[in-house]
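Report on the structure given below.
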Amino acid sequence: MNLSQTQLSNFATGAGVIVLLLSQFGIVFPAEKIAYILYSVWCGGWTLYNFYQRYQKGDLTLGGKRK
């Protein structure tokens with residue numbers, strides 16, 4: 001993976017906070033699983049955002065084909 005160490009620590013911190021909050025409601029997940037889910041959602045979200053931005057420029061269709 002080509003990720004910033006700072007961003008990895010941010011994911012780990014965010015995962016820890018989520019684990020603490022969930023544990024208050026009796027839901028127990030390992031922090032590593034939460035970090036993986038957060039990272040997956042983050043990457044997927046930015047990929048969709050990039051497709052949308054290119055579509056907004058007008059040179060590509062929403063599916064990624066050139067107009």
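Convention: chains lettered A, B, ... in structure tokens order; per-chain residue numbering from 1; ligands numbered from 1 as shown.
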Stretch 38-51 of chain A surroundings by only C-alpha atoms, 9 Å radius, close-in-sequence under 3 positions cut, as a PyMOL selection string: chain A and resi 8+11+14-15+33-35+54-56+60-64
For atom CA of A:Gly26 and atom CA of A:Ser9, the interatomic separation in Å (one decimal):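 Atom CA of A:Gly26 sits 25.3 Å away from atom CA of A:Ser9.
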